[in-house]
Amino acid sequence: QLVAAELVRASCLWSEAWIDGLETASKAFYTEGDDAGCVRALLPLHEALERGAQTPAEGAFVREFGGALDAARAELRQWQESGERAHLHSAWALYMGLFRAVSPRQAALTSLDLASVSPRLLGATALELAVPGTYEPQAPLVTISGFRPRLSVIASKQRPRRVMLAGDDGREYSFLLKGREDLRQDERVMQLFGLVNRLLGSTAPLAGPAIRRYAVVPLSPASGLIGWVPSCDTLHQLVRHHRESRGVPLYLEHRIAAQLAPEPKRGGDGGDGG
């Protein structure tokens, strides 16, 4: 439980959770005019803040933004009591200060120190817990000896982390730690691939075709581990390399995409009106 809880904590920092929450709440408030939906998106973030910081990274976040967020929480309470929208506008003036300060840092983030984001995970050694994806019936159990002290942050939309841990067999294992994403469907797909491989193996005369699989371990409804597949690039990296190697400007890609898939025109109910 400690390992799962701390991996979930490291998968999404408070700063990242607040940026996501503010984007959701902003859409509800400014675009949809849904004041209640805006507040529903923000309350869980405030509740986590009120439970207190448990890591150095969370403590630093509270020291920098705690005062402004407490003031914004007070405005939300006044809105809940009076229903006056002016209180939400006052709260948003405070939230935007956090958003402007945190967004550039988040975009520039390339690594995380485990001692800062999860010291308990860094201190977890000689565990009686199998390395994810290594368990096989009738085979020796490979357990986790410890976690490496630094997480690499992958430059993609959800900014997953690369986690490296040592097994008691002397080998090093790498995983992709994903936050804000439900991996339970991915796990079911891997299970399906395993069934397909067994069916193909039972009908093939020798070593038949097989689907390559990797470990998928959901840790919560919004985070999990994926086994690291070596010598692979993300689609984002391939597109970026193609663009940079050929000098293709980003605006040109957007223009071509808009020409190939124009947005549908918004009209009435259709018909000729006659």
# chains A, B, ... in the order shown; residues from 1 in each chain; ligands from 1

call {"tool": "residues_around", "arguments": {"residues": "Ala115 (chain A)", "least_positions_apart": "3", "cutoff": "9 Å", "atoms": "only C-alpha atoms", "output": "CSV table (one decimal) with N, CA, C and O atoms, in the first residue's frame"}}
result
chain,number,residue,atom,x,y,z
A,55,THR,N,5.1,15.9,1.9
A,55,THR,CA,6.5,15.8,1.3
A,55,THR,C,7.1,17.2,1.2
A,55,THR,O,6.4,18.2,1.3
A,56,PRO,N,8.4,17.3,1.0
A,56,PRO,CA,9.0,18.6,0.8
A,56,PRO,C,8.5,19.4,-0.4
A,56,PRO,O,8.3,20.6,-0.3
A,57,ALA,N,8.2,18.7,-1.4
A,57,ALA,CA,7.6,19.4,-2.6
A,57,ALA,C,6.2,20.0,-2.3
A,57,ALA,O,5.9,21.1,-2.7
A,112,LEU,N,12.6,14.9,-11.6
A,112,LEU,CA,12.2,15.1,-10.2
A,112,LEU,C,13.0,14.3,-9.2
A,112,LEU,O,13.4,13.2,-9.6
A,118,SER,N,8.7,12.2,-2.9
A,118,SER,CA,8.2,11.0,-2.2
A,118,SER,C,9.4,10.4,-1.4
A,118,SER,O,10.0,9.4,-1.8
A,119,PRO,N,9.8,11.0,-0.3
A,119,PRO,CA,10.9,10.5,0.5
A,119,PRO,C,10.6,9.1,1.1
A,119,PRO,O,11.5,8.3,1.3
A,120,ARG,N,9.4,8.8,1.3
A,120,ARG,CA,9.0,7.5,1.8
A,120,ARG,C,9.3,6.4,0.8
A,120,ARG,O,9.7,5.3,1.1
A,121,LEU,N,9.0,6.7,-0.5
A,121,LEU,CA,9.3,5.8,-1.5
A,121,LEU,C,10.8,5.6,-1.7
A,121,LEU,O,11.3,4.4,-1.9
A,122,LEU,N,11.6,6.6,-1.6
A,122,LEU,CA,13.0,6.5,-1.6
A,122,LEU,C,13.6,5.7,-0.5
A,122,LEU,O,14.6,4.9,-0.7
A,123,GLY,N,12.9,5.7,0.6
A,123,GLY,CA,13.4,5.0,1.8
A,123,GLY,C,12.9,3.5,1.8
A,123,GLY,O,13.3,2.8,2.7
A,149,PRO,N,16.9,7.4,-7.2
A,149,PRO,CA,16.6,8.6,-6.6
A,149,PRO,C,16.0,9.7,-7.5
A,149,PRO,O,15.6,10.8,-7.0
A,150,ARG,N,16.0,9.5,-8.8
A,150,ARG,CA,15.6,10.5,-9.7
A,150,ARG,C,14.6,10.0,-10.7
A,150,ARG,O,14.8,8.9,-11.2

call {"tool": "select_by_dssp", "arguments": {"residues": "region 150-198 of chain A", "states": "strand (DSSP E or B)", "output": "list in words"}}
result
Arg150, Leu151, Ser152, Val153, Arg161, Arg162, Val163, Met164, Leu165, Ala166, Gly167, Glu172, Tyr173, Ser174, Phe175, Leu176, Leu177, Lys178 and Gly179 of chain A

call {"tool": "closest_atom_pairs", "arguments": {"of": "region 152-241 of chain A", "to": "region 18-32 of chain A", "cutoff": "12 Å", "atoms": "only C-alpha atoms", "output": "Markdown table"}}
result
| residue | atom | partner | partner_atom | distance |
| --- | --- | --- | --- | --- |
| A:Lys157 | CA | A:Asp20 | CA | 11.3 |
| A:Gln158 | CA | A:Asp20 | CA | 10.0 |
| A:Gly179 | CA | A:Asp20 | CA | 11.5 |
| A:Arg180 | CA | A:Asp20 | CA | 9.2 |

call {"tool": "closest_residue", "arguments": {"among": "A:Leu2, A:Ala215, A:His241, A:Phe65", "to": "Met96 (chain A)", "atoms": "only C-alpha atoms"}}
result
A:Phe65

call {"tool": "residues_around", "arguments": {"residues": "region 87-94 of chain A", "least_positions_apart": "6", "cutoff": "10 Å", "atoms": "only C-alpha atoms", "output": "list in words"}}
result
Leu22, Ala25, Ser26, Phe29, Asp35, Cys38, Val39, Phe65, Gly67, Ala68, Leu69, Asp70, Ala71, Ala72, Arg73, Ala74, Glu75, Leu76, Arg77, Gln78, Trp79 and Gln80 of chain A

call {"tool": "write_last_selection", "arguments": {"atoms": "C-alpha atoms", "output": "PDB file, in the first residue's frame"}}
result
ATOM      1  CA  LEU A  22      -7.976  25.234 -12.929  1.00  0.00           C
ATOM      2  CA  ALA A  25     -12.892  24.942 -13.631  1.00  0.00           C
ATOM      3  CA  SER A  26     -12.094  27.787 -16.041  1.00  0.00           C
ATOM      4  CA  PHE A  29     -16.956  29.145 -15.297  1.00  0.00           C
ATOM      5  CA  ASP A  35     -20.645  28.201 -11.452  1.00  0.00           C
ATOM      6  CA  CYS A  38     -16.480  25.332 -11.453  1.00  0.00           C
ATOM      7  CA  VAL A  39     -16.613  24.986  -7.678  1.00  0.00           C
ATOM      8  CA  PHE A  65       0.749  29.567  -2.745  1.00  0.00           C
ATOM      9  CA  GLY A  67      -1.977  32.108   1.490  1.00  0.00           C
ATOM     10  CA  ALA A  68      -3.536  32.994  -1.861  1.00  0.00           C
ATOM     11  CA  LEU A  69      -5.358  29.662  -2.074  1.00  0.00           C
ATOM     12  CA  ASP A  70      -6.737  30.051   1.457  1.00  0.00           C
ATOM     13  CA  ALA A  71      -8.102  33.448   0.430  1.00  0.00           C
ATOM     14  CA  ALA A  72      -9.612  31.929  -2.717  1.00  0.00           C
ATOM     15  CA  ARG A  73     -11.195  29.158  -0.613  1.00  0.00           C
ATOM     16  CA  ALA A  74     -12.800  31.823   1.570  1.00  0.00           C
ATOM     17  CA  GLU A  75     -14.317  33.388  -1.547  1.00  0.00           C
ATOM     18  CA  LEU A  76     -15.752  30.005  -2.566  1.00  0.00           C
ATOM     19  CA  ARG A  77     -17.362  29.642   0.854  1.00  0.00           C
ATOM     20  CA  GLN A  78     -18.939  33.065   0.513  1.00  0.00           C
ATOM     21  CA  TRP A  79     -20.286  32.102  -2.919  1.00  0.00           C
ATOM     22  CA  GLN A  80     -21.756  28.924  -1.413  1.00  0.00           C
TER      23      GLN A  80
END

call {"tool": "closest_residue", "arguments": {"among": "A:Gln54, A:Gln237, A:Asn197, A:Ser15", "to": "Ala107 (chain A)", "atoms": "only C-alpha atoms"}}
result
A:Ser15

call {"tool": "decode", "arguments": {"residues": "region 170-184 of chain A", "atoms": "N, CA and C atoms", "output": "PDB file, in the first residue's frame"}}
result
ATOM      1  N   GLY A 170      19.614  -8.348  -8.907  1.00  0.00           N
ATOM      2  CA  GLY A 170      20.731  -7.549  -9.383  1.00  0.00           C
ATOM      3  C   GLY A 170      20.453  -6.774 -10.660  1.00  0.00           C
ATOM      4  N   ARG A 171      19.276  -6.930 -11.228  1.00  0.00           N
ATOM      5  CA  ARG A 171      18.932  -6.231 -12.466  1.00  0.00           C
ATOM      6  C   ARG A 171      18.199  -4.923 -12.158  1.00  0.00           C
ATOM      7  N   GLU A 172      18.199  -4.033 -13.143  1.00  0.00           N
ATOM      8  CA  GLU A 172      17.485  -2.762 -13.028  1.00  0.00           C
ATOM      9  C   GLU A 172      16.269  -2.805 -13.956  1.00  0.00           C
ATOM     10  N   TYR A 173      15.147  -2.318 -13.450  1.00  0.00           N
ATOM     11  CA  TYR A 173      13.886  -2.353 -14.201  1.00  0.00           C
ATOM     12  C   TYR A 173      13.363  -0.926 -14.352  1.00  0.00           C
ATOM     13  N   SER A 174      12.839  -0.633 -15.540  1.00  0.00           N
ATOM     14  CA  SER A 174      12.298   0.695 -15.823  1.00  0.00           C
ATOM     15  C   SER A 174      10.804   0.609 -16.120  1.00  0.00           C
ATOM     16  N   PHE A 175      10.087   1.639 -15.668  1.00  0.00           N
ATOM     17  CA  PHE A 175       8.650   1.709 -15.903  1.00  0.00           C
ATOM     18  C   PHE A 175       8.261   3.142 -16.234  1.00  0.00           C
ATOM     19  N   LEU A 176       7.163   3.271 -16.944  1.00  0.00           N
ATOM     20  CA  LEU A 176       6.561   4.570 -17.201  1.00  0.00           C
ATOM     21  C   LEU A 176       5.455   4.772 -16.177  1.00  0.00           C
ATOM     22  N   LEU A 177       5.587   5.798 -15.358  1.00  0.00           N
ATOM     23  CA  LEU A 177       4.589   6.122 -14.343  1.00  0.00           C
ATOM     24  C   LEU A 177       3.671   7.193 -14.913  1.00  0.00           C
ATOM     25  N   LYS A 178       2.415   6.827 -15.124  1.00  0.00           N
ATOM     26  CA  LYS A 178       1.460   7.747 -15.747  1.00  0.00           C
ATOM     27  C   LYS A 178       0.445   8.223 -14.720  1.00  0.00           C
ATOM     28  N   GLY A 179       0.239   9.511 -14.663  1.00  0.00           N
ATOM     29  CA  GLY A 179      -0.780  10.098 -13.806  1.00  0.00           C
ATOM     30  C   GLY A 179      -1.886  10.713 -14.635  1.00  0.00           C
ATOM     31  N   ARG A 180      -3.044  10.899 -14.028  1.00  0.00           N
ATOM     32  CA  ARG A 180      -4.192  11.509 -14.703  1.00  0.00           C
ATOM     33  C   ARG A 180      -4.637  10.711 -15.917  1.00  0.00           C
ATOM     34  N   GLU A 181      -4.501   9.382 -15.833  1.00  0.00           N
ATOM     35  CA  GLU A 181      -4.899   8.520 -16.943  1.00  0.00           C
ATOM     36  C   GLU A 181      -5.281   7.142 -16.383  1.00  0.00           C
ATOM     37  N   ASP A 182      -6.411   6.620 -16.847  1.00  0.00           N
ATOM     38  CA  ASP A 182      -6.916   5.330 -16.372  1.00  0.00           C
ATOM     39  C   ASP A 182      -6.301   4.215 -17.217  1.00  0.00           C
ATOM     40  N   LEU A 183      -5.506   3.351 -16.586  1.00  0.00           N
ATOM     41  CA  LEU A 183      -4.817   2.279 -17.308  1.00  0.00           C
ATOM     42  C   LEU A 183      -5.536   0.944 -17.213  1.00  0.00           C
ATOM     43  N   ARG A 184      -6.721   0.912 -16.637  1.00  0.00           N
ATOM     44  CA  ARG A 184      -7.400  -0.377 -16.478  1.00  0.00           C
ATOM     45  C   ARG A 184      -7.774  -0.994 -17.821  1.00  0.00           C
TER      46      ARG A 184
END
